[in-house]
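S.K.: I'm passing along coords-v1.pdb; it holds PDB, C-alpha atoms.
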```pdb
ATOM      1  CA  MET A   1       9.560   4.742 -23.824
ATOM      2  CA  THR A   2       7.685   7.491 -22.029
ATOM      3  CA  LYS A   3       5.660   6.835 -18.885
ATOM      4  CA  ALA A   4       2.446   7.069 -20.891
ATOM      5  CA  GLU A   5       3.734   4.545 -23.428
ATOM      6  CA  LEU A   6       4.816   2.163 -20.673
ATOM      7  CA  ARG A   7       1.401   2.364 -18.998
ATOM      8  CA  LYS A   8      -0.250   1.521 -22.317
ATOM      9  CA  GLU A   9       2.146  -1.391 -22.870
ATOM     10  CA  ILE A  10       1.481  -2.865 -19.431
ATOM     11  CA  ARG A  11      -2.267  -2.431 -19.850
ATOM     12  CA  THR A  12      -2.064  -4.379 -23.110
ATOM     13  CA  ARG A  13      -0.009  -7.167 -21.525
ATOM     14  CA  ILE A  14      -2.471  -7.673 -18.682
ATOM     15  CA  SER A  15      -5.507  -7.488 -20.993
ATOM     16  CA  GLU A  16      -4.164 -10.536 -22.846
ATOM     17  CA  PHE A  17      -4.496 -12.706 -19.717
ATOM     18  CA  SER A  18      -7.546 -14.863 -19.264
ATOM     19  CA  GLY A  19      -9.359 -14.605 -15.951
ATOM     20  CA  GLU A  20      -7.872 -17.944 -14.917
ATOM     21  CA  GLU A  21      -4.322 -16.894 -15.823
ATOM     22  CA  LEU A  22      -4.654 -13.721 -13.795
ATOM     23  CA  LYS A  23      -5.968 -15.720 -10.833
ATOM     24  CA  VAL A  24      -3.116 -18.245 -11.001
ATOM     25  CA  GLN A  25      -0.475 -15.520 -11.085
ATOM     26  CA  SER A  26      -2.206 -13.583  -8.301
ATOM     27  CA  ASP A  27      -2.402 -16.698  -6.117
ATOM     28  CA  LEU A  28       1.320 -17.357  -6.570
ATOM     29  CA  LEU A  29       2.055 -13.752  -5.650
ATOM     30  CA  CYS A  30      -0.110 -13.980  -2.538
ATOM     31  CA  LYS A  31       1.762 -17.087  -1.401
ATOM     32  CA  LYS A  32       5.067 -15.216  -1.711
ATOM     33  CA  ILE A  33       3.709 -12.351   0.377
ATOM     34  CA  LEU A  34       2.231 -14.614   3.044
ATOM     35  CA  ASN A  35       5.457 -16.633   3.295
ATOM     36  CA  SER A  36       7.642 -13.543   3.646
ATOM     37  CA  ASN A  37       9.192 -12.257   6.843
ATOM     38  CA  LEU A  38       7.773  -8.826   6.051
ATOM     39  CA  TYR A  39       4.228 -10.145   6.239
ATOM     40  CA  ARG A  40       4.919 -12.436   9.181
ATOM     41  CA  ASP A  41       6.459  -9.653  11.254
ATOM     42  CA  CYS A  42       3.997  -6.870  10.426
ATOM     43  CA  THR A  43       1.315  -5.947  12.932
ATOM     44  CA  THR A  44      -0.404  -3.466  10.619
ATOM     45  CA  LEU A  45      -1.069  -3.919   6.905
ATOM     46  CA  LEU A  46      -1.907  -1.137   4.476
ATOM     47  CA  ALA A  47      -3.382  -2.891   1.452
ATOM     48  CA  TYR A  48      -5.738  -2.104  -1.431
ATOM     49  CA  MET A  49      -8.890  -3.445  -3.042
ATOM     50  CA  PRO A  50      -7.667  -4.623  -6.460
ATOM     51  CA  LEU A  51      -9.018  -3.345  -9.743
ATOM     52  CA  ALA A  52      -9.739  -5.851 -12.516
ATOM     53  CA  ASP A  53      -6.303  -5.289 -14.077
ATOM     54  CA  GLU A  54      -4.299  -5.537 -10.850
ATOM     55  CA  ALA A  55      -2.873  -8.450  -8.910
ATOM     56  CA  ASP A  56      -5.634  -9.764  -6.666
ATOM     57  CA  ILE A  57      -4.287  -9.701  -3.111
ATOM     58  CA  THR A  58      -7.641 -10.520  -1.497
ATOM     59  CA  PRO A  59      -6.270 -13.766   0.020
ATOM     60  CA  VAL A  60      -3.567 -11.754   1.800
ATOM     61  CA  ILE A  61      -6.169  -9.387   3.215
ATOM     62  CA  GLN A  62      -8.315 -12.273   4.452
ATOM     63  CA  LYS A  63      -5.322 -13.947   6.079
ATOM     64  CA  ALA A  64      -4.239 -10.698   7.712
ATOM     65  CA  LEU A  65      -7.658 -10.321   9.311
ATOM     66  CA  SER A  66      -7.628 -13.931  10.508
ATOM     67  CA  HIS A  67      -4.136 -13.337  11.942
ATOM     68  CA  ALA A  68      -5.479 -10.359  13.917
ATOM     69  CA  LYS A  69      -3.390  -7.821  12.018
ATOM     70  CA  LYS A  70      -4.734  -4.279  11.675
ATOM     71  CA  VAL A  71      -5.775  -3.686   8.050
ATOM     72  CA  PHE A  72      -6.255  -0.340   6.319
ATOM     73  CA  PHE A  73      -7.535   0.519   2.807
ATOM     74  CA  PRO A  74      -7.085   3.778   0.868
ATOM     75  CA  ARG A  75      -9.822   6.256   0.069
ATOM     76  CA  ILE A  76      -9.313   9.048  -2.462
ATOM     77  CA  LEU A  77     -10.357  12.550  -1.452
ATOM     78  CA  PRO A  78     -12.689  13.609  -4.317
ATOM     79  CA  GLY A  79     -11.364  16.332  -6.586
ATOM     80  CA  THR A  80      -7.815  16.095  -5.233
ATOM     81  CA  ASN A  81      -4.636  14.050  -5.725
ATOM     82  CA  GLN A  82      -4.695  13.052  -2.063
ATOM     83  CA  MET A  83      -5.873   9.965  -0.228
ATOM     84  CA  GLU A  84      -6.084   8.574   3.277
ATOM     85  CA  PHE A  85      -6.167   5.026   4.630
ATOM     86  CA  TYR A  86      -8.997   3.821   6.882
ATOM     87  CA  ARG A  87      -9.320   0.765   9.115
ATOM     88  CA  TYR A  88     -11.021  -2.228   7.532
ATOM     89  CA  ASP A  89     -12.523  -5.328   9.123
ATOM     90  CA  SER A  90     -15.209  -7.879   8.326
ATOM     91  CA  THR A  91     -17.969  -5.444   9.330
ATOM     92  CA  THR A  92     -16.752  -2.541   7.163
ATOM     93  CA  GLU A  93     -19.149  -1.456   4.424
ATOM     94  CA  ILE A  94     -17.195  -1.058   1.179
ATOM     95  CA  THR A  95     -18.491   1.250  -1.570
ATOM     96  CA  GLN A  96     -17.274   2.141  -5.050
ATOM     97  CA  GLY A  97     -15.448   5.450  -5.042
ATOM     98  CA  SER A  98     -13.258   7.426  -7.424
ATOM     99  CA  PHE A  99     -11.987   5.639 -10.561
ATOM    100  CA  GLY A 100     -14.100   2.591  -9.708
ATOM    101  CA  ILE A 101     -11.971   1.782  -6.654
ATOM    102  CA  SER A 102     -13.662   0.003  -3.746
ATOM    103  CA  GLU A 103     -13.185   2.145  -0.650
ATOM    104  CA  PRO A 104     -13.965   2.075   3.085
ATOM    105  CA  PRO A 105     -16.037   4.893   4.593
ATOM    106  CA  ALA A 106     -14.243   8.024   5.765
ATOM    107  CA  SER A 107     -13.983   8.255   9.546
ATOM    108  CA  SER A 108     -11.424  10.377  11.338
ATOM    109  CA  GLU A 109     -11.378   7.918  14.236
ATOM    110  CA  ARG A 110     -10.544   5.026  11.888
ATOM    111  CA  SER A 111      -8.003   6.891   9.750
ATOM    112  CA  PHE A 112      -4.397   5.763   9.543
ATOM    113  CA  SER A 113      -3.146   9.246  10.388
ATOM    114  CA  ASN A 114      -5.163   9.121  13.605
ATOM    115  CA  PHE A 115      -3.724   5.669  14.317
ATOM    116  CA  LEU A 116      -0.167   7.010  13.848
ATOM    117  CA  GLN A 117      -0.859   9.998  16.049
ATOM    118  CA  LYS A 118      -2.173   7.832  18.881
ATOM    119  CA  MET A 119       0.789   5.529  18.535
ATOM    120  CA  SER A 120       3.131   8.513  18.631
ATOM    121  CA  ILE A 121       1.648   9.874  21.827
ATOM    122  CA  ASN A 122       1.201   6.569  23.634
ATOM    123  CA  GLU A 123       4.409   4.841  22.685
ATOM    124  CA  TYR A 124       6.982   7.149  21.184
ATOM    125  CA  SER A 125       6.644  10.246  23.293
ATOM    126  CA  PRO A 126       4.061  10.382  26.107
ATOM    127  CA  LYS A 127       4.467  14.156  26.345
ATOM    128  CA  ALA A 128       3.842  14.749  22.648
ATOM    129  CA  HIS A 129       0.439  16.273  21.910
ATOM    130  CA  SER A 130       1.238  17.768  18.532
ATOM    131  CA  SER A 131       0.436  16.274  15.124
ATOM    132  CA  ASN A 132       3.942  17.263  14.063
ATOM    133  CA  TYR A 133       5.649  13.878  13.837
ATOM    134  CA  VAL A 134       9.007  15.527  13.188
ATOM    135  CA  ASP A 135       9.145  16.513  16.844
ATOM    136  CA  ILE A 136       8.786  12.921  18.012
ATOM    137  CA  ALA A 137      11.991  10.993  18.602
ATOM    138  CA  PRO A 138      12.398   7.543  16.974
ATOM    139  CA  HIS A 139      11.760   4.521  19.156
ATOM    140  CA  GLU A 140      14.467   1.852  19.261
ATOM    141  CA  ASN A 141      12.081  -1.075  19.736
ATOM    142  CA  PRO A 142       8.691  -0.224  18.198
ATOM    143  CA  THR A 143       5.851  -2.624  18.864
ATOM    144  CA  GLU A 144       4.081  -1.695  15.622
ATOM    145  CA  HIS A 145       5.542  -2.985  12.361
ATOM    146  CA  ILE A 146       3.789  -1.583   9.302
ATOM    147  CA  LEU A 147       3.795  -3.152   5.839
ATOM    148  CA  ILE A 148       2.390  -1.165   2.916
ATOM    149  CA  LEU A 149       1.458  -3.144  -0.207
ATOM    150  CA  VAL A 150       1.664  -0.644  -3.052
ATOM    151  CA  PRO A 151       0.058  -1.310  -6.448
ATOM    152  CA  GLY A 152       1.454   0.152  -9.651
ATOM    153  CA  ARG A 153       1.616  -0.163 -13.404
ATOM    154  CA  ALA A 154       5.246  -1.303 -13.397
ATOM    155  CA  PHE A 155       8.244  -1.774 -11.100
ATOM    156  CA  THR A 156      11.949  -2.536 -11.271
ATOM    157  CA  LYS A 157      13.820  -4.911  -8.982
ATOM    158  CA  ASP A 158      15.558  -1.992  -7.277
ATOM    159  CA  GLY A 159      12.246  -0.438  -6.225
ATOM    160  CA  LYS A 160      11.378   2.073  -8.929
ATOM    161  CA  ARG A 161       7.647   2.389  -9.474
ATOM    162  CA  LEU A 162       5.383   3.611 -12.249
ATOM    163  CA  GLY A 163       1.886   4.463 -11.055
ATOM    164  CA  ARG A 164      -1.235   5.300 -12.995
ATOM    165  CA  GLY A 165      -0.231   8.934 -13.333
ATOM    166  CA  LYS A 166      -2.295  10.660 -10.643
ATOM    167  CA  GLY A 167       0.438  10.713  -7.991
ATOM    168  CA  PHE A 168      -1.736   9.510  -5.081
ATOM    169  CA  TYR A 169       0.788   7.092  -3.602
ATOM    170  CA  ASP A 170       3.855   9.239  -4.235
ATOM    171  CA  LEU A 171       2.257  12.172  -2.440
ATOM    172  CA  TYR A 172       0.926  10.071   0.426
ATOM    173  CA  LEU A 173       4.154   8.172   1.019
ATOM    174  CA  SER A 174       6.248  11.346   0.804
ATOM    175  CA  GLN A 175       4.291  12.771   3.741
ATOM    176  CA  MET A 176       4.493   9.662   5.894
ATOM    177  CA  PRO A 177       6.624  10.091   9.045
ATOM    178  CA  GLN A 178       9.920   8.225   9.056
ATOM    179  CA  ILE A 179      10.041   7.497  12.780
ATOM    180  CA  PHE A 180       8.036   4.272  12.558
ATOM    181  CA  ASP A 181       8.978   0.806  11.336
ATOM    182  CA  ILE A 182       7.345   1.121   7.913
ATOM    183  CA  LYS A 183       8.170  -1.033   4.887
ATOM    184  CA  LYS A 184       6.934  -0.057   1.411
ATOM    185  CA  SER A 185       6.546  -3.081  -0.854
ATOM    186  CA  GLY A 186       5.529  -2.863  -4.488
ATOM    187  CA  VAL A 187       3.137  -5.561  -5.694
ATOM    188  CA  CYS A 188       3.084  -6.696  -9.314
ATOM    189  CA  LEU A 189       2.698  -9.537 -11.766
ATOM    190  CA  PRO A 190       5.794 -10.809 -13.618
ATOM    191  CA  CYS A 191       4.791  -8.928 -16.783
ATOM    192  CA  GLN A 192       4.912  -5.675 -14.787
ATOM    193  CA  LEU A 193       8.512  -6.077 -13.689
ATOM    194  CA  LEU A 194      10.796  -4.126 -16.038
ATOM    195  CA  SER A 195      14.553  -3.681 -16.234
ATOM    196  CA  GLU A 196      14.332   0.116 -16.100
ATOM    197  CA  LEU A 197      11.799   2.894 -15.593
ATOM    198  CA  PRO A 198      11.923   6.644 -16.102
ATOM    199  CA  THR A 199      11.659   8.410 -12.749
ATOM    200  CA  THR A 200      11.472  11.942 -11.377
ATOM    201  CA  PRO A 201      12.597  13.283  -7.970
ATOM    202  CA  ASP A 202       8.989  13.060  -6.759
ATOM    203  CA  ASP A 203       8.773   9.297  -7.366
ATOM    204  CA  ILE A 204       8.969   7.250  -4.165
ATOM    205  CA  ILE A 205      11.290   4.228  -4.212
ATOM    206  CA  MET A 206       9.961   0.989  -2.757
ATOM    207  CA  ASP A 207      11.905  -0.899  -0.078
ATOM    208  CA  THR A 208      11.081  -4.267  -1.646
ATOM    209  CA  ILE A 209       9.094  -5.756  -4.537
ATOM    210  CA  PHE A 210       6.732  -8.731  -4.415
ATOM    211  CA  VAL A 211       6.443 -10.326  -7.849
TER     212      VAL A 211
END
```
If you convert what's in this file into structure tokens, what do you get?
M.R.:
Amino acid sequence: MTKAELRKEIRTRISEFSGEELKVQSDLLCKKILNSNLYRDCTTLLAYMPLADEADITPVIQKALSHAKKVFFPRILPGTNQMEFYRYDSTTEITQGSFGISEPPASSERSFSNFLQKMSINEYSPKAHSSNYVDIAPHENPTEHILILVPGRAFTKDGKRLGRGKGFYDLYLSQMPQIFDIKKSGVCLPCQLLSELPTTPDDIIMDTIFV
């Protein structure tokens, strides 16, 4: 099947769930995330505000805030295939943005890229004042441990991912510096886990899958 056909198939599968069935499966998924070492050990969580046909990870977000973890949500840059993550807390005003996605307000001071840059300068290389992360040496014992919960249309157990076709996550993750302790974890319902997916060189492979 082509990527377009697979997206249509997954959309049909999820549409057949009742609201209660989707909630039950989402709750089970959230428990797996919250009981994982990846969640326990992370100090910063990049999450997402779920659409109606996505696994609802709201309980994970609420727990992360109560556990004093730093939480960031994505915001799409209008008219582009790019996005940025921004800090979220209980006082953040969420609005509906592109494609009906709930998004935090854009603020350079609260952006994830600004957070990484500050961390680079303060912890990884005190003399570094450039935004070029490539020039910053890896740190053997980082104090920040970052978990990214990545939504998608479908995944495989070995980390392949099928998105919605716009390429937002693939582009964003491909530009993320590799010097930090960052774990990319796909998030899906059981019906979204497939044995195989067509991929291209631009597709980013997940480190783990929560299902």
S.K.: Using the chain letters and numbers from the file, give me the residues hit by the PyMOL selection byres ((chain A and resi 12-16) around 9), as a list in words.
M.R.: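 With the PyMOL selection byres ((chain A and resi 12-16) around 9) on this model, the match is Arg7, Lys8, Glu9, Ile10, Arg11, Phe17, Ser18, Leu22, Asp53, Glu54, Leu189, Cys191 and Gln192 of chain A.
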S.K.: Tell me which residues the PyMOL selection byres ((chain A and resi 87-102) around 8) grabs here, as a PyMOL selection string.
M.R.: chain A and resi 49-51+65+70-73+75-76+78+85-86+103-105+110-112
S.K.: Give me, as number ranges by chain, all polymer residues having an atom no more than 12 Å from region 28-38 of chain A, counting all atoms listed in the file and skipping those fewer than 5 positions away in the same chain.
M.R.: A: 21-23, 43-45, 47, 54-64, 67, 145-149, 181-190, 207-211
S.K.: Suppose you want the space between CA of Asp203 (chain A) and CA of Arg161 (chain A); what is it in Å?
M.R.: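 CA of Arg161 (chain A) lies at a distance of 7.3 Å from CA of Asp203 (chain A).
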S.K.: Written as a tab-separated table (two decimals) with C-alpha atoms, in the coordinates of the input, which residues does the PyMOL selection byres ((chain A and resi 170) around 12) give for the file shown?
M.R.:
```tsv
chain	number	residue	atom	x	y	z
A	81	ASN	CA	-4.64	14.05	-5.72
A	82	GLN	CA	-4.70	13.05	-2.06
A	83	MET	CA	-5.87	9.96	-0.23
A	150	VAL	CA	1.66	-0.64	-3.05
A	151	PRO	CA	0.06	-1.31	-6.45
A	152	GLY	CA	1.45	0.15	-9.65
A	160	LYS	CA	11.38	2.07	-8.93
A	161	ARG	CA	7.65	2.39	-9.47
A	162	LEU	CA	5.38	3.61	-12.25
A	163	GLY	CA	1.89	4.46	-11.06
A	164	ARG	CA	-1.24	5.30	-13.00
A	165	GLY	CA	-0.23	8.93	-13.33
A	166	LYS	CA	-2.30	10.66	-10.64
A	167	GLY	CA	0.44	10.71	-7.99
A	168	PHE	CA	-1.74	9.51	-5.08
A	169	TYR	CA	0.79	7.09	-3.60
A	171	LEU	CA	2.26	12.17	-2.44
A	172	TYR	CA	0.93	10.07	0.43
A	173	LEU	CA	4.15	8.17	1.02
A	174	SER	CA	6.25	11.35	0.80
A	175	GLN	CA	4.29	12.77	3.74
A	176	MET	CA	4.49	9.66	5.89
A	184	LYS	CA	6.93	-0.06	1.41
A	199	THR	CA	11.66	8.41	-12.75
A	200	THR	CA	11.47	11.94	-11.38
A	201	PRO	CA	12.60	13.28	-7.97
A	202	ASP	CA	8.99	13.06	-6.76
A	203	ASP	CA	8.77	9.30	-7.37
A	204	ILE	CA	8.97	7.25	-4.16
A	205	ILE	CA	11.29	4.23	-4.21
A	206	MET	CA	9.96	0.99	-2.76
```
S.K.: How big is the axis-aligned box around all listed atoms of region 172-177 of chain A once 5 Å goes on each side, and where's its centre, in Å to one decimal, as AutoDock Vina command-line options?
M.R.:
```
--center_x 3.8 --center_y 10.5 --center_z 4.7 --size_x 15.7 --size_y 14.6 --size_z 18.6
```
S.K.: Find the distance between CA of Asp158 (chain A) and CA of Pro74 (chain A) and write it in Å to one decimal.
M.R.: 24.7 Å
S.K.: Quote the spacing between CA of Met119 (chain A) and CA of Arg40 (chain A) in Å to one decimal place.
M.R.: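 Interatomic distance, CA of Met119 (chain A) to CA of Arg40 (chain A): 20.7 Å.
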